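**Q** Following this message is one structure expressed as structure tokens.
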Amino acid sequence: MIFSRILKPHSNLAALYLILQKGSMISIMYDWQHIFDDAPLRAVEQGMVLFRRGDSITSMYLVQSGAVALERPLEDGTVLTLHVAMAGNALAEASLFAEAYHCDAVVRAPAQVAIMPRANFLSALHNQPGAALSLIETHAREVQAQRARIEILRLRRVSDRLDAWLDVHGEPEKGAWIRVADQIGVSPPALALPPKNWTILN
């Protein structure tokens, strides 16, 4: 582990954190995911694009392994990462009722993705109320997690952001610090610096 220290609680975030349990960001195999049990799998390599912003929405995706990022290119040439879907995550399910995607889906790590027609997915939700409810629960947890992340990003000091993230999620697994850096809005090398060299973010 990079860090071994006593974490300081952030009282201004406590009320929000109480609704999150440790590990709430970890995907759980809810009933709705079984809708994809018979869906064909597609193997995709790092750097491949599953869909682009503006493409018509005809399919639903479930990441079975690997990682796929939802990205939005900005006018200054940088890329905003909206979400990184891991194993067990649906991909761009917020676009279920839209006509076109609002972001790009770029493979971050070699992945297997289950794909099924959107109409079939909607029909399954209609016929399986339990699956529909479990999808709502998944979305509720994601909203909670995003709210926590927004509060973390409001903190100016890197050390405060890291403390807040660890308060919510606990120490990450070995090799997962890159994901932590991404979620608290700093570069991975920034976390590798000694705490005394951590800066105040504008």
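Chain labels A, B, ... are given in the sequence in which chains occur in the structure tokens; within each chain residues are numbered consecutively from 1, and ligands are likewise numbered from 1 in the order shown.
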So which residues of segment 75-181 of chain A fall under strand (DSSP E) by DSSP, listed as an MDAnalysis selection string?
**A** chainID A and resid 79:85 90:91 104:117
**Q** Using DSSP on the backbone, list every residue of segment 23-186 of chain A that comes out as alpha helix (DSSP H), and give them as a ChimeraX atom specification.
**A** /A:118-127,129-153,158-169,177-184
**Q** Just give me the gap between atom CA of Gln112 of chain A and atom CA of Leu135 of chain A in Å, one decimal is fine.
**A** 20.8 Å
**Q** May I have the residues within 9 Å of His83 of chain A as a CSV table (one decimal) with C-alpha atoms, in the first residue's frame, using only C-alpha atoms and disregarding those fewer than 4 positions away in the same chain?
**A**
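This went into selection36.csv:
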```csv
chain,number,residue,atom,x,y,z
A,68,VAL,CA,-15.1,0.6,-20.8
A,69,ALA,CA,-15.1,4.3,-20.3
A,70,LEU,CA,-17.8,6.8,-21.2
A,71,GLU,CA,-16.0,9.9,-22.5
A,92,ALA,CA,-24.8,4.1,-20.9
```
**Q** I'd like a table as a Markdown table: residues in segment 36-143 of chain A with an atom no more than 12 Å from segment 168-188 of chain A, each row giving the shortest atom pair and its distance in Å to one decimal, only C-alpha atoms counted, sorted by chain and rising residue number.
**A**
```
| residue | atom | partner | partner_atom | distance |
| --- | --- | --- | --- | --- |
| A:Ala67 | CA | A:Arg179 | CA | 11.3 |
| A:Ala69 | CA | A:Asp182 | CA | 11.8 |
| A:Leu80 | CA | A:Gly185 | CA | 10.9 |
| A:Thr81 | CA | A:Asp182 | CA | 8.9 |
| A:Leu82 | CA | A:Gln183 | CA | 10.2 |
| A:His83 | CA | A:Gln183 | CA | 9.5 |
| A:Val84 | CA | A:Arg179 | CA | 9.3 |
| A:Ala85 | CA | A:Arg179 | CA | 11.8 |
| A:Met86 | CA | A:Arg179 | CA | 11.3 |
| A:Arg108 | CA | A:Arg179 | CA | 11.8 |
```
**Q** Go ahead and save the residues from that selection, with C-alpha atoms, as a PDB file, in the first residue's frame.
**A**
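Full text of out-v4.pdb as output:
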```pdb
ATOM      1  CA  ALA A  67     -13.322  -1.796 -18.435  1.00  0.00           C
ATOM      2  CA  ALA A  69     -15.089   4.346 -20.277  1.00  0.00           C
ATOM      3  CA  LEU A  80     -13.948  14.277 -19.812  1.00  0.00           C
ATOM      4  CA  THR A  81     -14.445  10.800 -18.322  1.00  0.00           C
ATOM      5  CA  LEU A  82     -18.049  10.499 -17.193  1.00  0.00           C
ATOM      6  CA  HIS A  83     -17.928   6.916 -15.965  1.00  0.00           C
ATOM      7  CA  VAL A  84     -15.836   3.753 -16.194  1.00  0.00           C
ATOM      8  CA  ALA A  85     -17.981   0.638 -16.481  1.00  0.00           C
ATOM      9  CA  MET A  86     -16.443  -2.473 -14.948  1.00  0.00           C
ATOM     10  CA  ARG A 108      -9.920   1.041 -21.325  1.00  0.00           C
TER      11      ARG A 108
END
```
**Q** Quick one: residues within 8 Å of Val107 of chain A, only C-alpha atoms, excluding same-chain residues fewer than 4 positions away - as an MDAnalysis selection string?
**A** chainID A and resid 44:50 67:69 111
**Q** For the selection just defined, write its residues with all heavy atoms to a file, as a PDB file, in the first residue's frame.
**A**
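Everything below was put into result-v1.pdb:
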```
ATOM      1  N   VAL A  44     -13.642  -7.149 -27.040  1.00  0.00           N
ATOM      2  CA  VAL A  44     -13.147  -5.863 -27.544  1.00  0.00           C
ATOM      3  C   VAL A  44     -11.793  -5.578 -26.913  1.00  0.00           C
ATOM      4  O   VAL A  44     -11.551  -5.878 -25.749  1.00  0.00           O
ATOM      5  CB  VAL A  44     -14.136  -4.723 -27.247  1.00  0.00           C
ATOM      6  CG1 VAL A  44     -15.370  -4.849 -28.119  1.00  0.00           C
ATOM      7  CG2 VAL A  44     -14.552  -4.722 -25.778  1.00  0.00           C
ATOM      8  N   GLU A  45     -10.918  -4.995 -27.702  1.00  0.00           N
ATOM      9  CA  GLU A  45      -9.561  -4.699 -27.250  1.00  0.00           C
ATOM     10  C   GLU A  45      -9.446  -3.250 -26.787  1.00  0.00           C
ATOM     11  O   GLU A  45     -10.264  -2.398 -27.130  1.00  0.00           O
ATOM     12  CB  GLU A  45      -8.554  -4.973 -28.387  1.00  0.00           C
ATOM     13  CG  GLU A  45      -8.500  -6.420 -28.832  1.00  0.00           C
ATOM     14  CD  GLU A  45      -8.076  -7.363 -27.713  1.00  0.00           C
ATOM     15  OE1 GLU A  45      -7.212  -6.959 -26.895  1.00  0.00           O
ATOM     16  OE2 GLU A  45      -8.600  -8.488 -27.643  1.00  0.00           O
ATOM     17  N   GLN A  46      -8.406  -2.989 -26.024  1.00  0.00           N
ATOM     18  CA  GLN A  46      -8.174  -1.639 -25.509  1.00  0.00           C
ATOM     19  C   GLN A  46      -8.073  -0.641 -26.668  1.00  0.00           C
ATOM     20  O   GLN A  46      -7.411  -0.884 -27.673  1.00  0.00           O
ATOM     21  CB  GLN A  46      -6.876  -1.603 -24.692  1.00  0.00           C
ATOM     22  CG  GLN A  46      -6.575  -0.266 -24.052  1.00  0.00           C
ATOM     23  CD  GLN A  46      -5.361  -0.323 -23.149  1.00  0.00           C
ATOM     24  OE1 GLN A  46      -4.842  -1.402 -22.855  1.00  0.00           O
ATOM     25  NE2 GLN A  46      -4.901   0.828 -22.691  1.00  0.00           N
ATOM     26  N   GLY A  47      -8.760   0.468 -26.519  1.00  0.00           N
ATOM     27  CA  GLY A  47      -8.745   1.505 -27.545  1.00  0.00           C
ATOM     28  C   GLY A  47      -9.899   1.434 -28.521  1.00  0.00           C
ATOM     29  O   GLY A  47     -10.161   2.413 -29.244  1.00  0.00           O
ATOM     30  N   MET A  48     -10.585   0.291 -28.577  1.00  0.00           N
ATOM     31  CA  MET A  48     -11.730   0.176 -29.480  1.00  0.00           C
ATOM     32  C   MET A  48     -12.882   1.036 -28.982  1.00  0.00           C
ATOM     33  O   MET A  48     -13.013   1.323 -27.802  1.00  0.00           O
ATOM     34  CB  MET A  48     -12.170  -1.283 -29.604  1.00  0.00           C
ATOM     35  CG  MET A  48     -11.193  -2.178 -30.340  1.00  0.00           C
ATOM     36  SD  MET A  48     -11.811  -3.885 -30.528  1.00  0.00           S
ATOM     37  CE  MET A  48     -13.260  -3.600 -31.564  1.00  0.00           C
ATOM     38  N   VAL A  49     -13.725   1.460 -29.921  1.00  0.00           N
ATOM     39  CA  VAL A  49     -14.877   2.302 -29.597  1.00  0.00           C
ATOM     40  C   VAL A  49     -16.157   1.517 -29.888  1.00  0.00           C
ATOM     41  O   VAL A  49     -16.353   1.037 -31.001  1.00  0.00           O
ATOM     42  CB  VAL A  49     -14.857   3.606 -30.418  1.00  0.00           C
ATOM     43  CG1 VAL A  49     -16.104   4.437 -30.130  1.00  0.00           C
ATOM     44  CG2 VAL A  49     -13.593   4.408 -30.109  1.00  0.00           C
ATOM     45  N   LEU A  50     -17.013   1.391 -28.873  1.00  0.00           N
ATOM     46  CA  LEU A  50     -18.268   0.663 -29.052  1.00  0.00           C
ATOM     47  C   LEU A  50     -19.327   1.537 -29.711  1.00  0.00           C
ATOM     48  O   LEU A  50     -20.136   1.053 -30.502  1.00  0.00           O
ATOM     49  CB  LEU A  50     -18.779   0.155 -27.706  1.00  0.00           C
ATOM     50  CG  LEU A  50     -17.961  -0.968 -27.064  1.00  0.00           C
ATOM     51  CD1 LEU A  50     -18.509  -1.293 -25.679  1.00  0.00           C
ATOM     52  CD2 LEU A  50     -17.987  -2.214 -27.944  1.00  0.00           C
ATOM     53  N   ALA A  67     -12.863  -3.143 -18.793  1.00  0.00           N
ATOM     54  CA  ALA A  67     -13.322  -1.796 -18.435  1.00  0.00           C
ATOM     55  C   ALA A  67     -13.609  -0.999 -19.694  1.00  0.00           C
ATOM     56  O   ALA A  67     -12.833  -1.027 -20.649  1.00  0.00           O
ATOM     57  CB  ALA A  67     -12.270  -1.083 -17.591  1.00  0.00           C
ATOM     58  N   VAL A  68     -14.735  -0.280 -19.672  1.00  0.00           N
ATOM     59  CA  VAL A  68     -15.132   0.573 -20.795  1.00  0.00           C
ATOM     60  C   VAL A  68     -15.491   1.943 -20.235  1.00  0.00           C
ATOM     61  O   VAL A  68     -16.309   2.057 -19.316  1.00  0.00           O
ATOM     62  CB  VAL A  68     -16.342  -0.002 -21.558  1.00  0.00           C
ATOM     63  CG1 VAL A  68     -16.698   0.902 -22.738  1.00  0.00           C
ATOM     64  CG2 VAL A  68     -16.042  -1.419 -22.054  1.00  0.00           C
ATOM     65  N   ALA A  69     -14.866   2.988 -20.766  1.00  0.00           N
ATOM     66  CA  ALA A  69     -15.089   4.346 -20.277  1.00  0.00           C
ATOM     67  C   ALA A  69     -16.090   5.088 -21.147  1.00  0.00           C
ATOM     68  O   ALA A  69     -16.094   4.936 -22.373  1.00  0.00           O
ATOM     69  CB  ALA A  69     -13.778   5.121 -20.236  1.00  0.00           C
ATOM     70  N   ALA A 111     -11.965  -6.299 -22.931  1.00  0.00           N
ATOM     71  CA  ALA A 111     -13.236  -6.586 -22.263  1.00  0.00           C
ATOM     72  C   ALA A 111     -14.091  -7.548 -23.066  1.00  0.00           C
ATOM     73  O   ALA A 111     -13.886  -7.736 -24.277  1.00  0.00           O
ATOM     74  CB  ALA A 111     -14.009  -5.275 -22.039  1.00  0.00           C
TER      75      ALA A 111
END
```
**Q** How many Å lie between atom CA of Tyr61 of chain A and atom CA of Ala105 of chain A, rounded to one decimal?
**A** 10.6 Å
**Q** Pick out the closest residue to Pro73 of chain A from this set: A:Ser56, A:Asn89, A:Leu41, A:His102. Count only C-alpha atoms.
**A** A:His102
**Q** Please measure the separation of atom CA of Pro110 of chain A and atom CA of Asp38 of chain A, giving the value in Å to one decimal.
**A** 21.2 Å
**Q** Neighbouring residues of Ser59 of chain A were defined as those with any atom within 10 Å, considering only C-alpha atoms; residues of the same chain fewer than 3 positions away were excluded. Please report them as a PDB file with C-alpha atoms, in the first residue's frame.
**A**
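The file below, result_11.pdb, is the result:
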```pdb
ATOM      1  CA  SER A  56     -28.433   6.145 -32.765  1.00  0.00           C
ATOM      2  CA  GLU A  93     -28.098   2.734 -19.529  1.00  0.00           C
ATOM      3  CA  LEU A  96     -32.181   3.882 -22.554  1.00  0.00           C
ATOM      4  CA  ILE A 115     -25.077  -6.950 -26.335  1.00  0.00           C
ATOM      5  CA  MET A 116     -28.821  -7.135 -26.899  1.00  0.00           C
ATOM      6  CA  PRO A 117     -31.367  -5.033 -28.817  1.00  0.00           C
ATOM      7  CA  ARG A 118     -32.765  -2.157 -26.782  1.00  0.00           C
ATOM      8  CA  ALA A 119     -36.329  -3.206 -27.612  1.00  0.00           C
ATOM      9  CA  ASN A 120     -35.682  -6.649 -26.122  1.00  0.00           C
ATOM     10  CA  PHE A 121     -34.216  -5.135 -22.971  1.00  0.00           C
TER      11      PHE A 121
END
```
